[in-house]
>>> print(open('target10.tsv').read())   # TSV, C-alpha atoms
chain	number	residue	atom	x	y	z
A	489	MET	CA	-2.48	18.01	28.71
A	490	ASN	CA	-2.45	16.87	25.09
A	491	CYS	CA	0.66	15.56	23.44
A	492	ILE	CA	2.39	17.67	20.83
A	493	ILE	CA	2.16	16.15	17.35
A	494	ARG	CA	5.14	17.14	15.24
A	495	PRO	CA	7.08	15.87	12.19
A	496	CYS	CA	9.76	13.29	12.86
A	497	MET	CA	13.31	14.58	12.34
A	498	VAL	CA	16.51	12.68	11.58
A	499	LYS	CA	17.51	12.85	15.24
A	500	ASP	CA	14.28	11.07	16.23
A	501	CYS	CA	14.95	7.97	14.11
A	502	LYS	CA	16.66	6.16	16.96
A	503	VAL	CA	13.58	6.43	19.17
A	504	ILE	CA	11.29	5.51	16.26
A	505	LEU	CA	13.33	2.36	15.69
A	506	GLN	CA	12.74	1.41	19.34
A	507	LEU	CA	9.01	1.97	18.95
A	508	ILE	CA	8.96	-0.08	15.72
A	509	LYS	CA	10.52	-2.93	17.69
A	510	GLU	CA	7.90	-2.53	20.42
A	511	ILE	CA	5.12	-2.98	17.85
A	512	ALA	CA	6.83	-6.09	16.54
A	513	VAL	CA	6.77	-7.55	20.07
A	514	ASP	CA	3.12	-6.53	20.40
A	515	TYR	CA	2.40	-8.32	17.11
A	516	LYS	CA	4.45	-11.37	18.14
A	517	VAL	CA	6.78	-10.86	15.16
A	518	PRO	CA	10.18	-12.53	15.74
A	519	PRO	CA	12.86	-9.82	16.23
A	520	THR	CA	14.79	-11.34	13.30
A	521	ASP	CA	11.89	-10.38	11.02
A	522	VAL	CA	12.41	-6.70	11.80
A	523	LYS	CA	14.94	-5.92	9.09
A	524	VAL	CA	14.89	-2.14	9.23
A	525	THR	CA	18.04	-0.43	10.53
A	526	LEU	CA	18.74	3.03	11.84
A	527	GLU	CA	20.65	3.82	8.65
A	528	ALA	CA	17.74	2.67	6.47
A	529	LEU	CA	15.21	4.72	8.47
A	530	ARG	CA	17.37	7.81	8.12
A	531	GLU	CA	18.07	7.32	4.42
A	532	ASP	CA	14.51	6.30	3.50
A	533	GLY	CA	12.90	9.11	5.47
A	534	PHE	CA	15.34	11.96	5.00
A	535	GLY	CA	17.59	11.05	2.07
A	536	ALA	CA	17.43	12.11	-1.55
A	537	ARG	CA	14.19	10.19	-2.20
A	538	PRO	CA	12.04	10.09	0.94
A	539	GLN	CA	9.90	6.94	1.07
A	540	TYR	CA	7.72	7.70	4.08
A	541	ASP	CA	6.24	10.45	6.25
A	542	CYS	CA	6.35	10.21	10.01
A	543	TYR	CA	4.76	12.28	12.79
A	544	LEU	CA	5.49	11.89	16.48
A	545	ALA	CA	3.51	12.28	19.66
A	546	GLU	CA	5.63	14.08	22.25
A	547	LEU	CA	4.63	14.39	25.89
A	548	PRO	CA	4.02	17.89	27.24
A	549	PRO	CA	7.01	19.47	29.05
A	550	GLY	CA	7.72	17.90	32.42
A	551	GLU	CA	6.43	14.40	31.60
A	552	THR	CA	8.55	11.44	30.53
A	553	ASN	CA	7.97	7.78	29.79
A	554	LYS	CA	9.67	5.02	31.75
A	555	GLU	CA	12.69	5.16	29.42
A	556	GLY	CA	13.09	8.84	30.39
A	557	GLY	CA	12.08	10.04	26.94
A	558	SER	CA	9.22	12.17	25.70
A	559	ILE	CA	8.26	10.44	22.42
A	560	VAL	CA	5.47	7.97	23.13
A	561	GLY	CA	3.84	7.33	19.78
A	562	TYR	CA	4.07	7.86	16.06
A	563	VAL	CA	2.30	7.45	12.76
A	564	LEU	CA	4.27	6.36	9.70
A	565	SER	CA	2.68	6.55	6.25
A	566	THR	CA	3.49	6.34	2.57
A	567	TYR	CA	1.74	7.22	-0.68
A	568	THR	CA	0.18	4.57	-2.87
A	569	TYR	CA	-2.04	4.65	-5.90
A	570	SER	CA	-5.39	3.16	-6.73
A	571	ALA	CA	-6.21	2.75	-10.39
A	572	TRP	CA	-9.87	3.32	-9.51
A	573	LYS	CA	-9.56	6.14	-7.00
A	574	GLY	CA	-6.21	7.84	-7.58
A	575	ARG	CA	-3.85	8.90	-4.80
A	576	ASN	CA	-4.00	7.11	-1.45
A	577	LEU	CA	-2.22	7.40	1.82
A	578	TYR	CA	-1.20	4.08	3.34
A	579	MET	CA	-0.64	4.09	7.09
A	580	ASP	CA	1.93	1.44	7.90
A	581	ASN	CA	2.04	2.08	11.66
A	582	LEU	CA	0.01	3.98	14.23
A	583	TYR	CA	1.42	3.30	17.66
A	584	VAL	CA	1.11	4.61	21.21
A	585	GLN	CA	3.08	3.09	24.08
A	586	PRO	CA	0.76	0.98	26.27
A	587	GLN	CA	1.19	3.12	29.40
A	588	PHE	CA	-0.04	6.21	27.51
A	589	ARG	CA	-3.16	4.71	25.96
A	590	GLY	CA	-6.51	6.19	26.93
A	591	ARG	CA	-5.23	9.77	26.55
A	592	ARG	CA	-6.50	10.18	22.98
A	593	ILE	CA	-2.98	10.24	21.57
A	594	GLY	CA	-3.91	7.67	18.90
A	595	LYS	CA	-6.79	9.94	17.92
A	596	GLN	CA	-4.43	12.90	17.58
A	597	LEU	CA	-2.07	10.87	15.37
A	598	LEU	CA	-4.94	9.61	13.23
A	599	GLU	CA	-6.21	13.16	12.78
A	600	LYS	CA	-2.73	14.22	11.68
A	601	ALA	CA	-2.66	11.39	9.10
A	602	ALA	CA	-6.08	12.55	7.87
A	603	GLN	CA	-4.80	16.12	7.53
A	604	VAL	CA	-1.77	14.92	5.57
A	605	SER	CA	-4.06	12.84	3.32
A	606	MET	CA	-6.26	15.82	2.53
A	607	ALA	CA	-3.31	18.16	2.01
A	608	LYS	CA	-1.74	15.74	-0.48
A	609	GLY	CA	-4.92	15.17	-2.47
A	610	CYS	CA	-5.40	11.59	-1.27
A	611	CYS	CA	-8.99	10.37	-1.39
A	612	GLN	CA	-8.41	7.38	0.86
A	613	LEU	CA	-6.35	6.39	3.88
A	614	ARG	CA	-5.80	2.66	4.14
A	615	MET	CA	-4.07	0.41	6.64
A	616	HIS	CA	-3.85	-3.20	7.80
A	617	VAL	CA	-4.62	-4.43	11.26
A	618	GLY	CA	-4.44	-7.94	12.73
A	619	ASN	CA	-8.00	-9.26	12.99
A	620	TRP	CA	-7.22	-10.47	16.54
A	621	LYS	CA	-6.56	-6.86	17.62
A	622	ALA	CA	-10.13	-6.08	18.67
A	623	ASN	CA	-9.17	-2.79	20.35
A	624	GLU	CA	-7.40	-1.52	17.24
A	625	MET	CA	-10.27	-2.53	14.97
A	626	ASP	CA	-12.76	-0.84	17.30
A	627	PHE	CA	-10.61	2.31	17.36
A	628	LEU	CA	-10.50	2.51	13.56
A	629	ALA	CA	-14.23	1.79	13.17
A	630	HIS	CA	-15.13	4.30	15.90
A	631	HIS	CA	-13.33	7.04	13.96
A	632	GLY	CA	-15.01	6.22	10.66
A	633	GLY	CA	-12.85	3.45	9.20
A	634	GLU	CA	-14.47	0.61	7.28
A	635	ASP	CA	-13.32	-3.02	7.44
A	636	LEU	CA	-12.87	-3.72	3.72
A	637	THR	CA	-11.87	-7.33	4.29
A	638	ALA	CA	-15.30	-7.89	5.86
A	639	LYS	CA	-17.20	-5.61	3.48
A	640	GLU	CA	-15.49	-6.33	0.16
A	641	CYS	CA	-13.58	-9.54	0.93
A	642	TRP	CA	-10.10	-8.18	0.17
A	643	THR	CA	-7.26	-10.55	0.96
A	644	LEU	CA	-3.62	-9.52	1.23
A	645	PHE	CA	-1.01	-11.44	-0.73
A	646	ARG	CA	2.75	-11.10	-0.49
A	647	PHE	CA	5.74	-12.26	-2.49
A	648	ASN	CA	8.81	-12.25	-0.29
A	649	GLU	CA	12.33	-11.64	-1.48
A	650	ASP	CA	13.05	-15.27	-2.39
A	651	ALA	CA	9.85	-15.54	-4.41
A	652	LEU	CA	10.64	-12.25	-6.17
A	653	ARG	CA	14.12	-13.40	-7.03
A	654	ARG	CA	12.79	-16.62	-8.56
A	655	LEU	CA	10.16	-14.76	-10.59
A	656	ALA	CA	12.57	-12.11	-11.80
A	657	ALA	CA	15.13	-14.73	-12.86
A	658	ARG	CA	12.81	-16.82	-15.00
A	659	SER	CA	11.32	-13.99	-17.03
A	660	THR	CA	9.88	-15.14	-20.34
A	661	PHE	CA	9.68	-11.89	-22.26
B	975	MET	CA	4.06	-16.05	-29.69
B	976	ASN	CA	4.63	-14.24	-26.41
B	977	CYS	CA	3.32	-10.76	-25.79
B	978	ILE	CA	5.78	-7.90	-25.63
B	979	ILE	CA	5.99	-6.39	-22.13
B	980	ARG	CA	6.91	-2.72	-22.28
B	981	PRO	CA	6.56	0.43	-20.18
B	982	CYS	CA	3.31	2.34	-20.50
B	983	MET	CA	3.67	5.70	-22.26
B	984	VAL	CA	1.46	8.78	-22.07
B	985	LYS	CA	-0.22	7.82	-25.35
B	986	ASP	CA	-1.28	4.47	-23.82
B	987	CYS	CA	-3.24	6.02	-20.94
B	988	LYS	CA	-6.49	6.01	-22.91
B	989	VAL	CA	-6.33	2.24	-23.39
B	990	ILE	CA	-5.25	1.70	-19.77
B	991	LEU	CA	-8.30	3.65	-18.61
B	992	GLN	CA	-10.51	1.29	-20.64
B	993	LEU	CA	-8.81	-1.73	-19.04
B	994	ILE	CA	-9.20	-0.20	-15.56
B	995	LYS	CA	-12.92	0.06	-16.26
B	996	GLU	CA	-13.01	-3.56	-17.42
B	997	ILE	CA	-11.54	-4.69	-14.09
B	998	ALA	CA	-14.15	-2.65	-12.24
B	999	VAL	CA	-16.89	-4.51	-14.15
B	1000	ASP	CA	-15.12	-7.80	-13.39
B	1001	TYR	CA	-15.07	-6.83	-9.68
B	1002	LYS	CA	-18.71	-5.66	-9.77
B	1003	VAL	CA	-17.66	-2.13	-8.78
B	1004	PRO	CA	-20.26	0.47	-9.83
B	1005	PRO	CA	-18.88	2.61	-12.70
B	1006	THR	CA	-19.50	5.71	-10.55
B	1007	ASP	CA	-16.91	4.37	-8.08
B	1008	VAL	CA	-14.19	4.55	-10.73
B	1009	LYS	CA	-13.08	8.12	-10.15
B	1010	VAL	CA	-9.87	8.12	-12.14
B	1011	THR	CA	-9.83	10.24	-15.31
B	1012	LEU	CA	-7.58	10.28	-18.36
B	1013	GLU	CA	-6.09	13.56	-17.15
B	1014	ALA	CA	-5.34	12.11	-13.71
B	1015	LEU	CA	-3.71	8.98	-15.18
B	1016	ARG	CA	-1.51	11.15	-17.40
B	1017	GLU	CA	-0.56	13.58	-14.66
B	1018	ASP	CA	-0.07	10.94	-11.95
B	1019	GLY	CA	1.97	8.64	-14.17
B	1020	PHE	CA	3.98	11.07	-16.27
B	1021	GLY	CA	3.80	14.47	-14.56
B	1022	ALA	CA	6.30	16.17	-12.29
B	1023	ARG	CA	5.81	13.65	-9.47
B	1024	PRO	CA	4.98	10.20	-10.87
B	1025	GLN	CA	2.78	8.20	-8.50
B	1026	TYR	CA	2.78	4.81	-10.23
B	1027	ASP	CA	4.65	2.53	-12.62
B	1028	CYS	CA	2.82	0.74	-15.38
B	1029	TYR	CA	3.86	-1.97	-17.83
B	1030	LEU	CA	1.76	-3.21	-20.73
B	1031	ALA	CA	1.29	-6.51	-22.49
B	1032	GLU	CA	1.16	-5.93	-26.23
B	1033	LEU	CA	0.17	-8.62	-28.72
B	1034	PRO	CA	2.78	-9.71	-31.24
B	1035	PRO	CA	2.54	-7.99	-34.67
B	1036	GLY	CA	-0.43	-9.12	-36.71
B	1037	GLU	CA	-2.74	-9.92	-33.79
B	1038	THR	CA	-5.43	-7.65	-32.37
B	1039	ASN	CA	-8.10	-7.90	-29.70
B	1040	LYS	CA	-11.79	-7.51	-30.49
B	1041	GLU	CA	-11.53	-3.72	-30.13
B	1042	GLY	CA	-8.89	-3.75	-32.87
B	1043	GLY	CA	-6.09	-2.85	-30.44
B	1044	SER	CA	-2.94	-4.62	-29.39
B	1045	ILE	CA	-2.77	-3.86	-25.63
B	1046	VAL	CA	-4.44	-6.71	-23.75
B	1047	GLY	CA	-3.11	-6.45	-20.21
B	1048	TYR	CA	-1.14	-4.36	-17.77
B	1049	VAL	CA	0.39	-4.25	-14.33
B	1050	LEU	CA	0.20	-1.02	-12.30
B	1051	SER	CA	2.27	-0.64	-9.15
B	1052	THR	CA	3.42	1.90	-6.61
B	1053	TYR	CA	6.02	2.06	-3.87
B	1054	THR	CA	5.11	1.73	-0.22
B	1055	TYR	CA	7.09	1.35	2.95
B	1056	SER	CA	7.08	-1.17	5.75
B	1057	ALA	CA	8.52	-0.03	9.07
B	1058	TRP	CA	9.64	-3.63	9.66
B	1059	LYS	CA	10.91	-4.53	6.21
B	1060	GLY	CA	11.69	-1.30	4.37
B	1061	ARG	CA	10.79	-0.63	0.73
B	1062	ASN	CA	7.87	-2.51	-0.81
B	1063	LEU	CA	6.24	-2.62	-4.18
B	1064	TYR	CA	2.45	-2.60	-4.07
B	1065	MET	CA	0.72	-4.01	-7.13
B	1066	ASP	CA	-2.61	-2.30	-7.49
B	1067	ASN	CA	-3.69	-4.07	-10.69
B	1068	LEU	CA	-2.57	-7.05	-12.72
B	1069	TYR	CA	-5.01	-7.59	-15.56
B	1070	VAL	CA	-5.29	-9.61	-18.76
B	1071	GLN	CA	-8.37	-9.40	-20.99
B	1072	PRO	CA	-10.47	-12.57	-20.59
B	1073	GLN	CA	-10.07	-13.72	-24.22
B	1074	PHE	CA	-6.28	-13.73	-23.84
B	1075	ARG	CA	-6.05	-15.68	-20.60
B	1076	GLY	CA	-4.24	-19.02	-20.66
B	1077	ARG	CA	-1.37	-17.60	-22.72
B	1078	ARG	CA	0.86	-16.89	-19.70
B	1079	ILE	CA	0.53	-13.14	-20.16
B	1080	GLY	CA	-0.29	-12.67	-16.47
B	1081	LYS	CA	2.88	-14.59	-15.63
B	1082	GLN	CA	4.92	-12.29	-17.89
B	1083	LEU	CA	3.44	-9.21	-16.19
B	1084	LEU	CA	4.06	-10.66	-12.71
B	1085	GLU	CA	7.67	-11.43	-13.64
B	1086	LYS	CA	8.08	-7.83	-14.82
B	1087	ALA	CA	6.72	-6.56	-11.49
B	1088	ALA	CA	9.19	-8.84	-9.69
B	1089	GLN	CA	12.05	-7.46	-11.79
B	1090	VAL	CA	11.00	-3.90	-10.98
B	1091	SER	CA	10.81	-4.80	-7.27
B	1092	MET	CA	14.31	-6.22	-7.26
B	1093	ALA	CA	15.73	-3.34	-9.30
B	1094	LYS	CA	14.26	-0.80	-6.86
B	1095	GLY	CA	15.49	-2.56	-3.72
B	1096	CYS	CA	12.03	-3.68	-2.60
B	1097	CYS	CA	12.03	-6.76	-0.39
B	1098	GLN	CA	8.34	-7.48	-0.82
B	1099	LEU	CA	5.64	-7.25	-3.46
B	1100	ARG	CA	2.16	-7.01	-2.02
B	1101	MET	CA	-1.33	-6.87	-3.49
B	1102	HIS	CA	-4.98	-7.37	-2.62
B	1103	VAL	CA	-7.31	-9.81	-4.28
B	1104	GLY	CA	-10.99	-10.50	-3.68
B	1105	ASN	CA	-11.26	-13.75	-1.72
B	1106	TRP	CA	-14.01	-14.90	-4.11
B	1107	LYS	CA	-11.54	-14.78	-7.02
B	1108	ALA	CA	-10.30	-18.36	-6.70
B	1109	ASN	CA	-8.46	-18.27	-10.03
B	1110	GLU	CA	-6.53	-15.13	-9.07
B	1111	MET	CA	-5.65	-16.49	-5.65
B	1112	ASP	CA	-4.50	-19.78	-7.22
B	1113	PHE	CA	-2.41	-17.86	-9.75
B	1114	LEU	CA	-0.65	-15.84	-7.03
B	1115	ALA	CA	-0.08	-18.88	-4.81
B	1116	HIS	CA	1.19	-20.94	-7.76
B	1117	HIS	CA	3.86	-18.33	-8.44
B	1118	GLY	CA	5.02	-18.15	-4.83
B	1119	GLY	CA	2.65	-15.62	-3.25
B	1120	GLU	CA	1.46	-16.14	0.33
B	1121	ASP	CA	-2.04	-15.34	1.55
B	1122	LEU	CA	-1.21	-13.09	4.52
B	1123	THR	CA	-4.83	-12.62	5.49
B	1124	ALA	CA	-5.04	-16.38	6.04
B	1125	LYS	CA	-1.54	-16.76	7.47
B	1126	GLU	CA	-1.22	-13.64	9.62
B	1127	CYS	CA	-4.86	-12.47	9.87
B	1128	TRP	CA	-4.31	-9.05	8.27
B	1129	THR	CA	-7.48	-7.08	7.68
B	1130	LEU	CA	-7.72	-4.04	5.41
B	1131	PHE	CA	-9.29	-0.86	6.76
B	1132	ARG	CA	-10.12	2.29	4.81
B	1133	PHE	CA	-11.11	5.83	5.64
B	1134	ASN	CA	-12.90	7.37	2.67
B	1135	GLU	CA	-12.84	11.03	1.76
B	1136	ASP	CA	-15.79	12.00	3.98
B	1137	ALA	CA	-14.27	10.25	6.99
B	1138	LEU	CA	-10.91	11.92	6.32
B	1139	ARG	CA	-12.50	15.34	6.08
B	1140	ARG	CA	-14.27	14.85	9.41
B	1141	LEU	CA	-11.08	13.67	11.11
B	1142	ALA	CA	-8.94	16.44	9.66
B	1143	ALA	CA	-11.48	19.09	10.70
B	1144	ARG	CA	-11.71	18.12	14.34
B	1145	SER	CA	-8.01	17.94	15.06
B	1146	THR	CA	-7.21	18.33	18.73
B	1147	PHE	CA	-3.51	19.17	18.61
>>> encode(input="target10.tsv", output="C-alpha cells")
Amino acid sequence: MNCIIRPCMVKDCKVILQLIKEIAVDYKVPPTDVKVTLEALREDGFGARPQYDCYLAELPPGETNKEGGSIVGYVLSTYTYSAWKGRNLYMDNLYVQPQFRGRRIGKQLLEKAAQVSMAKGCCQLRMHVGNWKANEMDFLAHHGGEDLTAKECWTLFRFNEDALRRLAARSTF
Amino acid sequence: MNCIIRPCMVKDCKVILQLIKEIAVDYKVPPTDVKVTLEALREDGFGARPQYDCYLAELPPGETNKEGGSIVGYVLSTYTYSAWKGRNLYMDNLYVQPQFRGRRIGKQLLEKAAQVSMAKGCCQLRMHVGNWKANEMDFLAHHGGEDLTAKECWTLFRFNEDALRRLAARSTF
C-alpha cells in the first residue's frame, strides 16, 4: 500500500528533527553542524511567520518502522525568488528512511512538492544534491529534473555567520 | 564619493527591471527567458505578500550613468530555510553596471545584504554564480564567501514548469 502524504503538524516536529539528523549522518555532516532545535522547527514552521512548508510520508495503518513510528519520510521546502523567473519553490530536503526506499515514497513526496509549487504560482522547483549521490541525481533526472550545475555551470557560494558579521560590521555606506 | 545604498521603492521597479535584463545579457540568457514583468516585480516586492528584498546603489548627487539615471546597481534577496541551519538569506542578484565597477559599489551592496541577514536572524547568506565568472567568484571569495560546490560538491537541480505540471498531474497519493 502507498504511504499517506500529509502536512506536517507541530506534534510531528520531534520526528522530523530525528529524520533531519539521519540525513546529516547520510551526508557525513558532523552532528555539531546540525544547529536546528525542536523549538526552532516549531517556531519557524508554525509560529507567527512560517519559514517553511513540510509534508510527511506516513506508513499505512498496521505498519511501523524499526523505531516503532509511522513517519518514514518528508519533504521540506521554502519559497525563493528569481529576478528572471519570479516565484520559486526551493526544496531543502526530500528524505525517505533507507529501509523504505524502493516503494515510490520519494516519488510521492516529489509529486506533492510539485503540486505545492503549482498551487503557489511557482514556475520552478530547485534543490541541491551532493554530486557523489548518484542515486539521488538519477532519481531527480528520471522525474524531469535538470542538472543546472552541469548545464549552466552554476556554483553555490556561502557566507557563514562569522563572515556575515565581519561584512556587516565594516559597512562603508 | 560613495554611492548611497537605500531600499528599493515601487517607483524604482522600472529601473530594476532594466538592470535585471542587463544581467541576463551579461549571462548570455536569451531575452525570452526573462519572464519577469514590471507588474510582477511591483506585486512581488510591494504587494500583500512581499517575496523579495531589494536595495539599490544610487550615485551621489551630480553624477549620472549613460542612460541619464542615478541607479547603477542593486542586490535582490529572499529568505530560505535550511533544515540543518535554520533561516538563510538567498541573494538572487548582486549587480553593478560595468562602467561603475572598481568603485567598491558591489562591496557596499554585499555589506548591506550581510546587515539584512544579521538583522533577520539568518545564519547564512547563499548565492549562485556561473563558474565561468572568475571575477565574481574572486569577489565573493575575497569577502569571505566559500565555494560550496568545490568544497562540498553541491549540485543545483531544477524542475521547470512543464516538469512540475507533469509531476503534479500524476500524483499517486
>>> closest_residue(input="target10.tsv", among="B:Pro1035, B:Gly1042, B:Gly1060, B:Gly1119", to="B:Arg1100", atoms="only C-alpha atoms")
B:Gly1119
>>> atom_distance(input="target10.tsv", atom1="atom CA of A:Thr637", atom2="atom CA of B:Leu1122")
12.1 Å
>>> closest_atom_pairs(input="target10.tsv", of="chain A", to="chain B", cutoff="7 Å", atoms="all atoms listed in the file", output="JSON lines")
{"residue": "A:Asn490", "atom": "CA", "partner": "B:Phe1147", "partner_atom": "CA", "distance": 7.0}
{"residue": "A:Ile492", "atom": "CA", "partner": "B:Phe1147", "partner_atom": "CA", "distance": 6.5}
{"residue": "A:Ile493", "atom": "CA", "partner": "B:Phe1147", "partner_atom": "CA", "distance": 6.5}
{"residue": "A:Ile508", "atom": "CA", "partner": "B:Ala1057", "partner_atom": "CA", "distance": 6.7}
{"residue": "A:Val522", "atom": "CA", "partner": "B:Trp1058", "partner_atom": "CA", "distance": 4.7}
{"residue": "A:Lys523", "atom": "CA", "partner": "B:Lys1059", "partner_atom": "CA", "distance": 5.1}
{"residue": "A:Val524", "atom": "CA", "partner": "B:Trp1058", "partner_atom": "CA", "distance": 5.5}
{"residue": "A:Gln539", "atom": "CA", "partner": "B:Tyr1055", "partner_atom": "CA", "distance": 6.5}
{"residue": "A:Tyr540", "atom": "CA", "partner": "B:Tyr1055", "partner_atom": "CA", "distance": 6.5}
{"residue": "A:Thr566", "atom": "CA", "partner": "B:Thr1054", "partner_atom": "CA", "distance": 5.6}
{"residue": "A:Tyr567", "atom": "CA", "partner": "B:Thr1054", "partner_atom": "CA", "distance": 6.5}
{"residue": "A:Thr568", "atom": "CA", "partner": "B:Thr1052", "partner_atom": "CA", "distance": 5.6}
{"residue": "A:Tyr569", "atom": "CA", "partner": "B:Thr1052", "partner_atom": "CA", "distance": 6.2}
{"residue": "A:Ser570", "atom": "CA", "partner": "B:Asp1066", "partner_atom": "CA", "distance": 6.2}
{"residue": "A:Ala571", "atom": "CA", "partner": "B:Ile994", "partner_atom": "CA", "distance": 6.7}
{"residue": "A:Trp572", "atom": "CA", "partner": "B:Val1008", "partner_atom": "CA", "distance": 4.7}
{"residue": "A:Lys573", "atom": "CA", "partner": "B:Lys1009", "partner_atom": "CA", "distance": 5.1}
{"residue": "A:Gly574", "atom": "CA", "partner": "B:Val1010", "partner_atom": "CA", "distance": 5.9}
{"residue": "A:Asp580", "atom": "CA", "partner": "B:Ser1056", "partner_atom": "CA", "distance": 6.2}
{"residue": "A:Gln596", "atom": "CA", "partner": "B:Thr1146", "partner_atom": "CA", "distance": 6.2}
{"residue": "A:Glu599", "atom": "CA", "partner": "B:Leu1141", "partner_atom": "CA", "distance": 5.2}
{"residue": "A:Lys600", "atom": "CA", "partner": "B:Ala1142", "partner_atom": "CA", "distance": 6.9}
{"residue": "A:Ala602", "atom": "CA", "partner": "B:Leu1138", "partner_atom": "CA", "distance": 5.1}
{"residue": "A:Gln603", "atom": "CA", "partner": "B:Ala1142", "partner_atom": "CA", "distance": 4.7}
{"residue": "A:Cys611", "atom": "CA", "partner": "B:Glu1135", "partner_atom": "CA", "distance": 5.0}
{"residue": "A:Gln612", "atom": "CA", "partner": "B:Asn1134", "partner_atom": "CA", "distance": 4.8}
{"residue": "A:Leu613", "atom": "CA", "partner": "B:Phe1133", "partner_atom": "CA", "distance": 5.1}
{"residue": "A:Arg614", "atom": "CA", "partner": "B:Arg1132", "partner_atom": "CA", "distance": 4.4}
{"residue": "A:Met615", "atom": "CA", "partner": "B:Phe1131", "partner_atom": "CA", "distance": 5.4}
{"residue": "A:His616", "atom": "CA", "partner": "B:Leu1130", "partner_atom": "CA", "distance": 4.6}
{"residue": "A:Val617", "atom": "CA", "partner": "B:Thr1129", "partner_atom": "CA", "distance": 5.3}
{"residue": "A:Gly618", "atom": "CA", "partner": "B:Trp1128", "partner_atom": "CA", "distance": 4.6}
{"residue": "A:Asn619", "atom": "CA", "partner": "B:Cys1127", "partner_atom": "CA", "distance": 5.5}
{"residue": "A:Gly632", "atom": "CA", "partner": "B:Ala1137", "partner_atom": "CA", "distance": 5.5}
{"residue": "A:Gly633", "atom": "CA", "partner": "B:Phe1133", "partner_atom": "CA", "distance": 4.6}
{"residue": "A:Glu634", "atom": "CA", "partner": "B:Arg1132", "partner_atom": "CA", "distance": 5.3}
{"residue": "A:Asp635", "atom": "CA", "partner": "B:Phe1131", "partner_atom": "CA", "distance": 4.6}
{"residue": "A:Leu636", "atom": "CA", "partner": "B:Leu1130", "partner_atom": "CA", "distance": 5.4}
{"residue": "A:Thr637", "atom": "CA", "partner": "B:Leu1130", "partner_atom": "CA", "distance": 5.4}
{"residue": "A:Cys641", "atom": "CA", "partner": "B:Gly1104", "partner_atom": "CA", "distance": 5.4}
{"residue": "A:Trp642", "atom": "CA", "partner": "B:Gly1104", "partner_atom": "CA", "distance": 4.6}
{"residue": "A:Thr643", "atom": "CA", "partner": "B:Val1103", "partner_atom": "CA", "distance": 5.3}
{"residue": "A:Leu644", "atom": "CA", "partner": "B:His1102", "partner_atom": "CA", "distance": 4.6}
{"residue": "A:Phe645", "atom": "CA", "partner": "B:Asp1121", "partner_atom": "CA", "distance": 4.6}
{"residue": "A:Arg646", "atom": "CA", "partner": "B:Arg1100", "partner_atom": "CA", "distance": 4.4}
{"residue": "A:Phe647", "atom": "CA", "partner": "B:Gly1119", "partner_atom": "CA", "distance": 4.6}
{"residue": "A:Asn648", "atom": "CA", "partner": "B:Gln1098", "partner_atom": "CA", "distance": 4.8}
{"residue": "A:Glu649", "atom": "CA", "partner": "B:Cys1097", "partner_atom": "CA", "distance": 5.0}
{"residue": "A:Ala651", "atom": "CA", "partner": "B:Gly1118", "partner_atom": "CA", "distance": 5.5}
{"residue": "A:Leu652", "atom": "CA", "partner": "B:Ala1088", "partner_atom": "CA", "distance": 5.1}
{"residue": "A:Leu655", "atom": "CA", "partner": "B:Glu1085", "partner_atom": "CA", "distance": 5.2}
{"residue": "A:Ala656", "atom": "CA", "partner": "B:Gln1089", "partner_atom": "CA", "distance": 4.7}
{"residue": "A:Ser659", "atom": "CA", "partner": "B:Glu1085", "partner_atom": "CA", "distance": 5.6}
{"residue": "A:Thr660", "atom": "CA", "partner": "B:Gln1082", "partner_atom": "CA", "distance": 6.2}
{"residue": "A:Phe661", "atom": "CA", "partner": "B:Gln1082", "partner_atom": "CA", "distance": 6.5}
>>> closest_residue(input="target10.tsv", among="B:Phe1074, B:Tyr1069, B:Phe1020, B:Phe1113", to="B:Tyr1048", atoms="only C-alpha atoms")
B:Tyr1069
>>> atom_distance(input="target10.tsv", atom1="atom CA of B:Arg1023", atom2="atom CA of B:Gln1071")
29.4 Å
>>> atom_distance(input="target10.tsv", atom1="atom CA of B:Gln1073", atom2="atom CA of B:Lys1002")
18.7 Å
>>> closest_residue(input="target10.tsv", among="A:Met489, A:Gly557, A:Gly590, A:Leu582", to="A:Cys542", atoms="only C-alpha atoms")
A:Leu582
